[in-house]
$ cat final-v8.txt   # compact mmCIF, C-alpha atoms
# COMPACT_ATOMS: atom_id res chain seq x y z
CA MET A 8 16.46 15.01 -17.26
CA PRO A 9 13.82 15.25 -14.55
CA VAL A 10 14.44 18.01 -12.06
CA LEU A 11 13.36 17.75 -8.48
CA THR A 12 11.86 20.68 -6.66
CA ALA A 13 14.01 22.52 -4.13
CA PRO A 14 13.83 21.24 -0.57
CA VAL A 15 11.53 23.03 1.79
CA ALA A 16 13.42 25.75 3.64
CA GLU A 17 14.85 24.58 6.94
CA SER A 18 15.05 26.59 10.16
CA GLU A 19 15.78 25.76 13.82
CA PHE A 20 16.73 22.25 14.85
CA ARG A 21 15.01 19.63 12.73
CA PRO A 22 15.67 15.97 12.15
CA TYR A 23 18.51 15.33 9.71
CA GLY A 24 16.18 13.27 7.55
CA LEU A 25 13.91 16.21 6.82
CA ARG A 26 16.73 17.80 4.84
CA ASN A 27 15.58 15.45 2.13
CA GLN A 28 12.02 16.69 2.20
CA VAL A 29 10.92 17.96 -1.19
CA GLY A 30 7.72 19.47 -2.41
CA LEU A 31 5.93 17.34 -4.93
CA ARG A 32 5.17 18.88 -8.29
CA PRO A 33 1.59 19.44 -9.40
CA ALA A 34 2.23 16.86 -12.12
CA VAL A 35 2.49 14.29 -9.35
CA THR A 36 -0.13 15.65 -6.96
CA ALA A 37 -2.81 16.94 -9.28
CA ILE A 38 -6.01 15.02 -9.76
CA PRO A 39 -8.89 15.76 -12.07
CA PRO A 40 -12.13 16.94 -10.49
CA LEU A 41 -13.74 13.78 -9.20
CA VAL A 42 -16.88 12.87 -7.35
CA PHE A 43 -17.14 9.64 -5.42
CA ASP A 44 -20.37 7.86 -6.23
CA PRO A 45 -21.26 5.88 -3.10
CA ASP A 46 -23.81 3.78 -4.95
CA ARG A 47 -21.46 2.73 -7.75
CA GLN A 48 -18.55 2.77 -5.29
CA VAL A 49 -16.17 4.44 -7.72
CA ASN A 50 -14.97 7.91 -8.58
CA LEU A 51 -16.57 9.73 -11.50
CA HIS A 52 -15.14 12.38 -13.77
CA GLN A 53 -17.92 14.26 -15.52
CA GLY A 54 -20.24 11.38 -14.80
CA VAL A 55 -17.96 8.71 -16.25
CA PRO A 56 -16.07 6.25 -14.02
CA LEU A 57 -12.41 7.18 -13.69
CA ALA A 58 -11.56 3.51 -14.14
CA ASP A 59 -12.97 3.73 -17.67
CA GLN A 60 -10.74 6.69 -18.49
CA ARG A 61 -7.22 5.35 -18.34
CA ASP A 62 -5.91 8.18 -20.48
CA LEU A 63 -7.14 10.54 -17.80
CA MET A 64 -5.46 8.48 -15.11
CA ILE A 65 -2.18 8.64 -17.03
CA GLN A 66 -2.57 12.35 -17.67
CA PHE A 67 -2.77 13.15 -13.98
CA THR A 68 -0.71 11.98 -11.09
CA VAL A 69 0.45 8.43 -11.33
CA THR A 70 -0.24 8.05 -7.65
CA TRP A 71 -3.80 9.01 -8.44
CA GLY A 72 -4.40 11.56 -5.82
CA THR A 73 -2.96 9.76 -2.86
CA THR A 74 0.31 11.54 -2.35
CA HIS A 75 -0.04 11.10 1.37
CA LYS A 76 0.00 7.41 0.76
CA ASP A 77 2.86 7.21 -1.62
CA ASN A 78 3.67 3.99 -3.30
CA LYS A 79 6.32 3.04 -0.84
CA THR A 80 4.73 3.40 2.53
CA ASP A 81 1.39 4.00 4.10
CA ASP A 82 -0.30 3.36 7.36
CA ASN A 83 -2.77 0.80 6.01
CA GLY A 84 -5.54 2.19 8.18
CA MET B 70 -28.94 -0.62 6.77
CA ALA B 71 -28.86 -1.25 3.03
CA HIS B 72 -29.79 -4.63 1.68
CA ALA B 73 -26.84 -7.04 1.61
CA PRO B 74 -25.97 -9.20 -1.40
CA THR B 75 -27.04 -12.80 -0.94
CA SER B 76 -24.26 -14.27 -3.04
CA ASP B 77 -20.49 -14.44 -2.67
CA THR B 78 -19.24 -10.96 -1.96
CA VAL B 79 -15.88 -9.23 -2.01
CA LEU B 80 -15.26 -6.64 0.67
CA ILE B 81 -12.83 -3.79 -0.05
CA LEU B 82 -11.48 -1.71 2.82
CA THR B 83 -9.96 1.48 1.45
CA ASP B 84 -10.52 5.20 1.24
CA ARG B 85 -12.40 7.02 -1.47
CA ASP B 86 -9.21 8.63 -2.79
CA ASP B 87 -7.76 5.23 -3.60
CA HIS B 88 -8.43 5.56 -7.30
CA THR B 89 -6.56 2.39 -8.07
CA SER B 90 -9.22 0.52 -6.15
CA ASP B 91 -11.72 1.88 -8.66
CA LEU B 92 -10.02 -0.40 -11.17
CA ILE B 93 -10.58 -3.38 -8.88
CA VAL B 94 -14.22 -2.52 -8.19
CA SER B 95 -14.83 -2.20 -11.91
CA ALA B 96 -13.09 -5.51 -12.62
CA LEU B 97 -15.24 -7.30 -10.07
CA HIS B 98 -18.38 -5.68 -11.42
CA ARG B 99 -17.48 -6.92 -14.90
CA ARG B 100 -17.32 -10.39 -13.37
CA ARG B 101 -20.74 -9.73 -11.81
CA VAL B 102 -19.22 -10.18 -8.36
CA PRO B 103 -21.00 -8.21 -5.62
CA VAL B 104 -18.63 -5.69 -4.05
CA VAL B 105 -18.91 -3.72 -0.85
CA ARG B 106 -16.36 -0.93 -0.65
CA LEU B 107 -16.12 0.40 2.86
CA ASP B 108 -14.18 3.35 4.23
CA PRO B 109 -15.05 3.59 7.93
CA GLY B 110 -13.65 7.10 8.23
CA SER B 111 -15.75 8.57 5.43
CA GLY B 112 -19.01 8.52 7.26
CA PRO B 113 -21.06 6.54 9.69
CA PHE B 114 -20.72 2.80 9.33
CA HIS B 115 -23.09 0.23 10.71
CA MET B 116 -22.49 -3.17 12.19
CA GLU B 117 -24.85 -5.79 13.62
CA VAL B 118 -22.97 -8.97 14.35
CA THR B 119 -23.45 -11.94 16.65
CA LEU B 120 -20.94 -14.49 17.81
CA ASP B 121 -22.16 -17.85 16.54
CA GLN B 122 -20.62 -20.34 18.93
CA ASP B 123 -21.72 -23.31 16.87
CA ARG B 124 -19.88 -22.05 13.79
CA MET B 125 -17.20 -20.29 15.83
CA ALA B 126 -17.58 -17.21 13.68
CA TRP B 127 -18.96 -13.73 13.76
CA GLN B 128 -22.15 -13.53 11.75
CA GLY B 129 -24.11 -10.52 10.67
CA ARG B 130 -23.90 -7.35 8.64
CA ILE B 131 -21.42 -4.54 8.22
CA GLY B 132 -21.82 -1.57 5.93
CA ASP B 133 -22.50 2.10 5.44
CA ASP B 134 -25.57 4.05 4.35
CA HIS B 135 -25.27 2.70 0.79
CA HIS B 136 -23.94 -0.86 0.91
CA THR B 137 -24.00 -3.73 3.36
CA ALA B 138 -22.04 -6.94 3.46
CA GLN B 139 -23.41 -10.12 5.03
CA LEU B 140 -20.33 -11.54 6.67
CA GLU B 141 -21.35 -15.13 5.96
CA ASN B 142 -21.27 -14.31 2.22
CA VAL B 143 -17.91 -12.54 2.15
CA VAL B 144 -15.36 -14.70 0.29
CA GLY B 145 -12.52 -12.22 -0.15
CA VAL B 146 -11.26 -9.07 1.54
CA LEU B 147 -9.02 -6.52 -0.10
CA TRP B 148 -7.51 -4.41 2.67
CA ARG B 149 -5.74 -1.39 1.29
CA TRP B 150 -5.98 2.05 2.92
CA PRO B 151 -9.16 2.47 4.96
CA THR B 152 -9.34 5.64 7.03
CA PRO B 153 -10.08 4.77 10.64
CA PRO B 154 -13.50 5.48 12.09
CA ALA B 155 -13.87 9.10 13.09
CA GLY B 156 -16.55 8.68 15.71
CA HIS B 157 -20.23 9.45 15.40
CA PRO B 158 -20.64 12.90 13.82
CA ALA B 159 -23.30 13.89 16.35
CA ILE B 160 -20.77 13.70 19.19
CA THR B 161 -19.46 17.22 19.64
CA ASP B 162 -17.04 16.73 22.50
CA PRO B 163 -13.68 15.90 20.85
CA ALA B 164 -12.55 13.56 23.62
CA ALA B 165 -15.83 11.68 23.62
CA ARG B 166 -15.80 11.42 19.87
CA ALA B 167 -12.23 10.13 19.92
CA TRP B 168 -13.27 7.51 22.45
CA ALA B 169 -16.17 6.47 20.25
CA ALA B 170 -13.87 6.31 17.24
CA ARG B 171 -11.50 4.00 19.04
CA GLU B 172 -14.35 1.73 20.13
CA ASP B 173 -15.58 1.63 16.54
CA ARG B 174 -12.14 0.77 15.22
CA LEU B 175 -11.50 -1.98 17.72
CA ALA B 176 -14.90 -3.52 17.11
CA LEU B 177 -15.00 -3.25 13.33
CA TYR B 178 -11.42 -4.22 12.61
CA GLY B 179 -11.47 -6.87 15.29
CA VAL B 180 -14.46 -8.63 13.73
CA LEU B 181 -13.23 -8.25 10.17
CA LYS B 182 -9.85 -9.74 11.00
CA THR B 183 -11.50 -13.01 12.04
CA LEU B 184 -13.14 -13.65 8.67
CA PRO B 185 -12.09 -16.97 7.11
CA VAL B 186 -11.76 -15.62 3.58
CA ARG B 187 -9.22 -14.91 0.87
CA TRP B 188 -7.20 -11.99 2.19
CA LEU B 189 -5.14 -9.49 0.26
CA ASN B 190 -3.51 -8.72 2.66
CA HIS B 191 -4.62 -9.55 6.17
CA PRO B 192 -3.86 -6.41 8.25
CA SER B 193 -2.13 -8.41 10.98
CA ARG B 194 0.25 -9.81 8.40
CA PHE B 195 0.65 -6.38 6.82
CA GLU B 196 1.70 -4.97 10.17
CA ILE B 197 4.54 -7.43 10.55
CA ALA B 198 5.56 -7.33 6.91
CA ASN B 199 5.65 -3.54 6.78
CA ASP B 200 8.62 -3.16 9.10
CA LYS B 201 11.61 -2.23 6.96
CA PRO B 202 14.34 -3.55 9.30
CA GLY B 203 12.62 -6.93 9.30
CA GLN B 204 12.15 -6.87 5.56
CA LEU B 205 15.88 -6.74 4.97
CA LEU B 206 16.49 -9.76 7.20
CA THR B 207 13.67 -11.73 5.62
CA ALA B 208 14.85 -10.90 2.12
CA ALA B 209 18.35 -12.07 2.94
CA ALA B 210 17.02 -15.24 4.57
CA CYS B 211 15.08 -15.93 1.39
CA GLY B 212 18.21 -15.66 -0.72
CA MET B 213 18.09 -12.08 -1.97
CA ALA B 214 20.99 -9.62 -1.96
CA ILE B 215 20.44 -6.60 0.27
CA PRO B 216 22.40 -3.35 0.69
CA ASP B 217 24.61 -2.69 3.70
CA THR B 218 22.55 -0.67 6.15
CA VAL B 219 22.88 1.12 9.47
CA ILE B 220 20.22 2.78 11.58
CA THR B 221 21.40 5.30 14.10
CA THR B 222 20.44 8.36 16.06
CA GLY B 223 24.10 9.34 16.32
CA GLY B 224 25.89 11.16 13.54
CA ARG B 225 29.33 9.94 14.60
CA LYS B 226 28.31 6.34 14.02
CA ALA B 227 26.90 7.33 10.64
CA ARG B 228 30.02 9.28 9.61
CA ALA B 229 32.33 6.46 10.62
CA TRP B 230 30.29 3.87 8.76
CA ALA B 231 29.75 6.05 5.71
CA SER B 232 33.37 7.17 5.36
CA GLY B 233 34.76 5.94 2.05
CA ARG B 234 31.37 4.57 0.92
CA ASP B 235 28.73 5.79 -1.46
CA VAL B 236 25.74 6.01 0.85
CA LEU B 237 22.25 7.41 1.02
CA SER B 238 19.88 8.27 3.80
CA LYS B 239 16.26 7.27 3.61
CA ALA B 240 13.14 7.63 5.73
CA PHE B 241 11.09 4.83 7.21
CA HIS B 242 7.95 6.69 6.17
CA ALA B 243 8.30 8.86 3.12
CA GLN B 244 5.55 11.35 3.75
CA GLY B 245 6.90 14.74 4.71
CA VAL B 246 5.45 17.06 7.30
CA ASP B 247 2.46 17.72 5.08
CA PRO B 248 0.76 15.62 2.39
CA ASP B 249 2.36 17.31 -0.63
CA ASN B 250 5.90 16.86 0.62
CA MET B 251 7.94 13.70 0.40
CA VAL B 252 11.13 12.73 2.18
CA ILE B 253 13.17 11.19 -0.58
CA ALA B 254 16.14 8.88 -0.44
CA ARG B 255 19.20 10.98 -1.17
CA ARG B 256 22.94 10.54 -1.34
CA ALA B 257 24.58 11.52 1.97
CA ASP B 258 27.88 13.35 2.35
CA PRO B 259 29.56 11.65 5.30
CA ALA B 260 31.44 14.82 6.22
CA ALA B 261 28.18 16.76 6.43
CA ILE B 262 26.36 14.37 8.78
CA PRO B 263 25.86 16.23 12.10
CA ASP B 264 26.49 14.71 15.52
CA GLU B 265 22.83 14.88 16.45
CA LEU B 266 20.44 13.46 13.87
CA GLY B 267 17.22 14.31 15.69
CA ALA B 268 15.63 10.98 14.82
CA ALA B 269 16.65 7.43 14.05
CA THR B 270 17.97 7.58 10.52
CA SER B 271 18.67 4.82 8.05
CA PHE B 272 21.84 5.01 5.97
CA GLN B 273 22.31 2.53 3.20
CA GLN B 274 24.87 1.55 0.62
CA VAL B 275 24.06 3.00 -2.80
CA ILE B 276 23.57 0.26 -5.36
CA PRO B 277 24.10 1.62 -8.89
CA GLY B 278 21.60 0.64 -11.52
CA PRO B 279 18.02 1.16 -12.66
CA SER B 280 15.10 0.56 -10.35
CA ILE B 281 12.84 -2.43 -10.74
CA ARG B 282 9.29 -2.56 -9.46
CA LEU B 283 8.03 -6.10 -8.99
CA THR B 284 4.35 -6.49 -8.14
CA VAL B 285 3.29 -9.86 -6.80
CA VAL B 286 -0.29 -11.14 -6.61
CA GLY B 287 -0.37 -14.65 -5.22
CA GLU B 288 2.15 -16.40 -7.43
CA ASP B 289 1.79 -14.00 -10.35
CA LEU B 290 4.81 -11.74 -10.84
CA PHE B 291 4.75 -8.48 -12.78
CA ALA B 292 8.11 -6.71 -13.16
CA VAL B 293 9.01 -3.44 -14.85
CA ARG B 294 12.26 -1.55 -15.23
CA MET B 295 12.04 2.18 -14.64
CA ASN B 296 14.06 3.67 -17.45
CA GLY B 297 15.99 6.73 -16.42
CA SER B 298 15.71 5.97 -12.71
CA ASP B 299 19.51 5.69 -12.53
CA ASP B 300 20.10 8.98 -14.33
CA LEU B 301 18.39 11.69 -12.30
CA ASP B 302 21.07 14.39 -12.29
CA GLY B 303 22.69 12.98 -9.20
CA GLU B 304 19.46 12.22 -7.39
CA LEU B 305 18.56 8.65 -6.51
CA ASP B 306 14.83 8.65 -5.84
CA TRP B 307 12.53 8.22 -8.83
CA ARG B 308 9.27 8.74 -7.00
CA PRO B 309 8.94 12.52 -7.37
CA VAL B 310 9.55 12.23 -11.13
CA GLN B 311 7.80 8.95 -11.82
CA ASP B 312 5.52 10.70 -14.29
CA GLN B 313 8.56 11.49 -16.44
CA LEU B 314 9.95 7.97 -16.56
CA THR B 315 9.19 5.21 -18.99
CA TYR B 316 8.67 1.62 -17.98
CA ASP B 317 9.47 -1.65 -19.70
CA GLN B 318 8.25 -5.03 -18.63
CA VAL B 319 11.14 -7.34 -17.77
CA GLU B 320 11.60 -10.98 -16.99
CA VAL B 321 12.13 -11.91 -13.37
CA PRO B 322 15.29 -13.96 -12.89
CA ALA B 323 14.41 -17.46 -11.77
CA GLY B 324 16.33 -17.17 -8.52
CA ILE B 325 14.64 -13.88 -7.68
CA ALA B 326 11.23 -15.38 -8.41
CA ARG B 327 11.87 -18.27 -6.03
CA SER B 328 13.16 -15.93 -3.33
CA VAL B 329 10.27 -13.50 -3.70
CA LEU B 330 7.64 -16.25 -3.42
CA LYS B 331 9.46 -17.61 -0.40
CA TYR B 332 9.42 -14.09 1.08
CA MET B 333 5.67 -13.84 0.47
CA ARG B 334 5.04 -17.18 2.13
CA SER B 335 7.20 -16.30 5.11
CA TYR B 336 5.01 -13.28 5.85
CA GLY B 337 1.76 -14.86 4.70
CA LEU B 338 1.28 -12.15 2.08
CA GLU B 339 -0.86 -12.39 -1.04
CA TYR B 340 0.20 -9.03 -2.45
CA GLY B 341 3.49 -7.18 -2.41
CA ALA B 342 5.11 -4.28 -4.24
CA PHE B 343 8.83 -4.98 -4.28
CA ASP B 344 11.57 -2.51 -5.10
CA PHE B 345 14.88 -3.75 -6.45
CA ILE B 346 17.94 -2.23 -8.02
CA ASP B 347 19.22 -4.05 -11.08
CA GLY B 348 22.80 -3.76 -9.95
CA PRO B 349 26.16 -4.87 -11.36
CA ASP B 350 25.81 -8.27 -9.65
CA GLY B 351 22.10 -8.75 -10.17
CA TRP B 352 18.92 -7.64 -8.50
CA VAL B 353 19.31 -6.17 -5.00
CA PHE B 354 16.27 -6.05 -2.69
CA LEU B 355 15.44 -2.66 -1.20
CA GLU B 356 12.01 -3.11 0.33
CA CYS B 357 8.51 -4.49 -0.11
CA ASN B 358 5.35 -2.52 0.52
CA PRO B 359 2.56 -4.96 1.36
CA SER B 360 -0.04 -2.46 0.14
CA GLY B 361 1.98 -0.44 -2.36
CA MET B 362 0.67 1.24 -5.44
CA TYR B 363 0.50 -0.65 -8.72
CA GLY B 364 -1.83 1.45 -10.87
CA PHE B 365 0.91 3.42 -12.56
CA VAL B 366 2.71 0.24 -13.55
CA GLU B 367 -0.41 -1.38 -14.94
CA ILE B 368 -1.59 1.57 -16.96
CA LYS B 369 1.82 2.49 -18.36
CA CYS B 370 2.76 -1.08 -19.30
CA GLY B 371 -0.56 -2.79 -19.86
CA LEU B 372 0.02 -5.36 -17.11
CA ALA B 373 -3.03 -7.27 -15.91
CA ILE B 374 -2.47 -6.72 -12.20
CA THR B 375 -6.03 -5.62 -11.53
CA ASP B 376 -7.38 -8.75 -13.15
CA ALA B 377 -5.00 -10.84 -11.07
CA ILE B 378 -6.20 -9.17 -7.88
CA ALA B 379 -9.86 -9.57 -8.77
CA ALA B 380 -9.36 -13.22 -9.64
CA HIS B 381 -7.35 -13.80 -6.48
CA LEU B 382 -10.16 -12.47 -4.31
CA TYR B 383 -12.88 -14.42 -6.03
CA ASP B 384 -11.24 -17.52 -7.42
CA LYS B 385 -13.20 -20.44 -5.95
CA ARG B 386 -10.21 -22.67 -6.54
CA ARG B 387 -8.27 -20.74 -3.92
CA PRO B 388 -8.82 -21.93 -0.37
CA LEU B 389 -10.46 -19.84 2.27
CA LEU B 390 -8.23 -19.29 5.24
CA SER B 391 -9.22 -20.47 8.66
CA PRO B 392 -8.93 -17.92 11.48
CA LEU B 393 -5.78 -19.71 12.63
CA GLU B 394 -4.18 -18.97 9.27
CA THR B 395 -5.22 -15.35 9.38
CA GLY B 396 -3.00 -14.86 12.35
CA THR B 397 -5.70 -14.22 14.88
CA GLY B 398 -4.86 -17.29 16.90
CA LEU B 399 -8.49 -18.29 17.15
CA PRO B 400 -9.45 -21.96 16.86
CA ALA B 401 -10.55 -23.16 13.46
CA PRO B 402 -14.31 -23.40 12.87
CA LEU B 403 -15.88 -26.69 13.79
CA PRO B 404 -16.62 -28.84 10.71
$ encode --input "final-v8.txt" --output "structure tokens"
Amino acid sequence: MPVLTAPVAESEFRPYGLRNQVGLRPAVTAIPPLVFDPDRQVNLHQGVPLADQRDLMIQFTVTWGTTHKDNKTDDNG
Amino acid sequence: MAHAPTSDTVLILTDRDDHTSDLIVSALHRRRVPVVRLDPGSGPFHMEVTLDQDRMAWQGRIGDDHHTAQLENVVGVLWRWPTPPAGHPAITDPAARAWAAREDRLALYGVLKTLPVRWLNHPSRFEIANDKPGQLLTAAACGMAIPDTVITTGGRKARAWASGRDVLSKAFHAQGVDPDNMVIARRADPAAIPDELGAATSFQQVIPGPSIRLTVVGEDLFAVRMNGSDDLDGELDWRPVQDQLTYDQVEVPAGIARSVLKYMRSYGLEYGAFDFIDGPDGWVFLECNPSGMYGFVEIKCGLAITDAIAAHLYDKRRPLLSPLETGTGLPAPLP
């Protein structure tokens, strides 16, 4: 069964909710080396659009590099 | 400023790390639809617009060093996760640069929000729809089951409410104190809840059952069950292990479909990522992210969500929204 990472160590007074803070595994946070091509307006991996490499997208994080905008909440700019 | 397309154009506001948007850009390119992808915070942007009082609309050009959109040609806007303007890079004084950044944001976003186009989603509607306390009320009003919930800064209230219940605590915003941490939803021991919580905290009834992710584009519904999401060694939150789960497409119960579409209409949304629990008494609504991720669902299950988004932004059969309908309160353009 999937195992979550241990919570980040707590010290001093912190909000109760942060007890549930966990570090994300590289499997979730890792992204392949990408270069944004401003002319084609997409990210490239070794010169090939990431969008054309769905196996690569599956292989790396399913949030596709945006762990700070997880799939539940974000600031929407 | 770069040359602007002279035909119908789709504008995408999102950051460069939004790899899922790459799918949408590619889909629009396959349809030979001009796309301008703009991230105001990634570099200097340019805008030259004029208020046309005859057409009651802002006219002109907005873009970056590589692409420019002629506002009159924009037919659809996909607003996902743009980073806000950062201020002109030549401004070295931090306070002055922050002032410039704010001016840029108010100008750029203010003009964009008035566009009478196909929105997915309009940021003003996103702002209202993104509030979790309101989401629960709206979901219930639209006929969906919701979990019992309290929000409190006081542990005594939480302990009293949670006593004898199976409850969890969850954050309003899941990002931890740095980008690679996440504050997950986790079962709460009522006896261990301290008197002082340090922040408003949401406690919610645990609904047993697998998680359902329902992605809605217009009136198209795409639902998947997350296998294993209800068997995480005592944990409740599937997000940190989503790469280890499997997903199966499922039918949306007719009543849920009606309620979800009613929910979308009540907020004026064209896109929503809904989370449900398939509980003992049916689907229970947890929340809806008006700009939530969908890429993992599409790629793992072969769902055509990207195509639905691209079509939604460009489909000439779909009406353009007047400024009144975009929530800006401005008068509709004169005929």
$ atom_distance --input "final-v8.txt" --atom1 "atom CA of B:Met295" --atom2 "atom CA of B:Tyr316"
4.8 Å
$ closest_residue --input "final-v8.txt" --among "A:Leu25, A:Pro40, A:Leu63, A:Glu19" --to "chain B" --atoms "all atoms listed in the file"
A:Leu25
$ interface_residues --input "final-v8.txt" --of "chain B" --to "chain A" --cutoff "7 Å" --atoms "only C-alpha atoms" --output "ChimeraX atom specification"
/B:85-88,91-92,95,106,135,149-153,240,242-245,248-253,255,266-268,270,301-302,309-310,312-313,358,361-362,365,368
$ atom_distance --input "final-v8.txt" --atom1 "atom CA of B:Thr222" --atom2 "atom CA of B:Glu265"
7.0 Å
$ atom_distance --input "final-v8.txt" --atom1 "atom CA of B:Arg187" --atom2 "atom CA of B:Arg124"
18.2 Å
$ decode --input "final-v8.txt" --residues "stretch 242-249 of chain B" --atoms "all heavy atoms" --output "short mmCIF file (atom, residue, chain, number, x, y, z; two decimals), in the first residue's frame"
data_model
loop_
_atom_site.label_atom_id
_atom_site.label_comp_id
_atom_site.auth_asym_id
_atom_site.auth_seq_id
_atom_site.Cartn_x
_atom_site.Cartn_y
_atom_site.Cartn_z
N HIS B 242 -6.13 25.70 2.16
CA HIS B 242 -5.17 25.74 1.06
C HIS B 242 -4.10 24.71 1.37
O HIS B 242 -3.44 24.79 2.38
CB HIS B 242 -4.54 27.13 0.91
CG HIS B 242 -3.71 27.27 -0.31
ND1 HIS B 242 -4.25 27.49 -1.55
CD2 HIS B 242 -2.37 27.23 -0.50
CE1 HIS B 242 -3.28 27.58 -2.45
NE2 HIS B 242 -2.13 27.42 -1.84
N ALA B 243 -3.95 23.74 0.48
CA ALA B 243 -3.18 22.55 0.82
C ALA B 243 -1.68 22.73 0.76
O ALA B 243 -0.95 21.87 1.25
CB ALA B 243 -3.59 21.39 -0.08
N GLN B 244 -1.21 23.81 0.18
CA GLN B 244 0.25 23.95 0.12
C GLN B 244 0.80 24.16 1.52
O GLN B 244 0.25 24.93 2.31
CB GLN B 244 0.63 25.13 -0.76
CG GLN B 244 2.15 25.27 -0.90
CD GLN B 244 2.56 26.47 -1.72
OE1 GLN B 244 1.79 26.93 -2.56
NE2 GLN B 244 3.73 27.00 -1.48
N GLY B 245 1.90 23.47 1.81
CA GLY B 245 2.55 23.63 3.09
C GLY B 245 3.37 24.91 3.13
O GLY B 245 3.18 25.81 2.32
N VAL B 246 4.30 24.94 4.07
CA VAL B 246 5.07 26.17 4.25
C VAL B 246 6.15 26.32 3.18
O VAL B 246 6.80 27.35 3.11
CB VAL B 246 5.69 26.25 5.66
CG1 VAL B 246 4.58 26.36 6.69
CG2 VAL B 246 6.57 25.06 5.94
N ASP B 247 6.36 25.32 2.36
CA ASP B 247 7.21 25.47 1.19
C ASP B 247 6.62 24.61 0.08
O ASP B 247 5.78 23.75 0.33
CB ASP B 247 8.67 25.13 1.48
CG ASP B 247 8.89 23.68 1.78
OD1 ASP B 247 8.67 22.82 0.90
OD2 ASP B 247 9.28 23.39 2.93
N PRO B 248 7.03 24.85 -1.16
CA PRO B 248 6.33 24.23 -2.30
C PRO B 248 6.30 22.72 -2.31
O PRO B 248 5.39 22.13 -2.88
CB PRO B 248 7.11 24.76 -3.51
CG PRO B 248 7.71 26.04 -3.04
CD PRO B 248 8.06 25.82 -1.60
N ASP B 249 7.30 22.05 -1.73
CA ASP B 249 7.32 20.59 -1.79
C ASP B 249 6.67 19.94 -0.58
O ASP B 249 6.84 18.74 -0.36
CB ASP B 249 8.75 20.09 -1.96
CG ASP B 249 9.27 20.33 -3.37
OD1 ASP B 249 8.44 20.55 -4.27
OD2 ASP B 249 10.49 20.30 -3.57
#
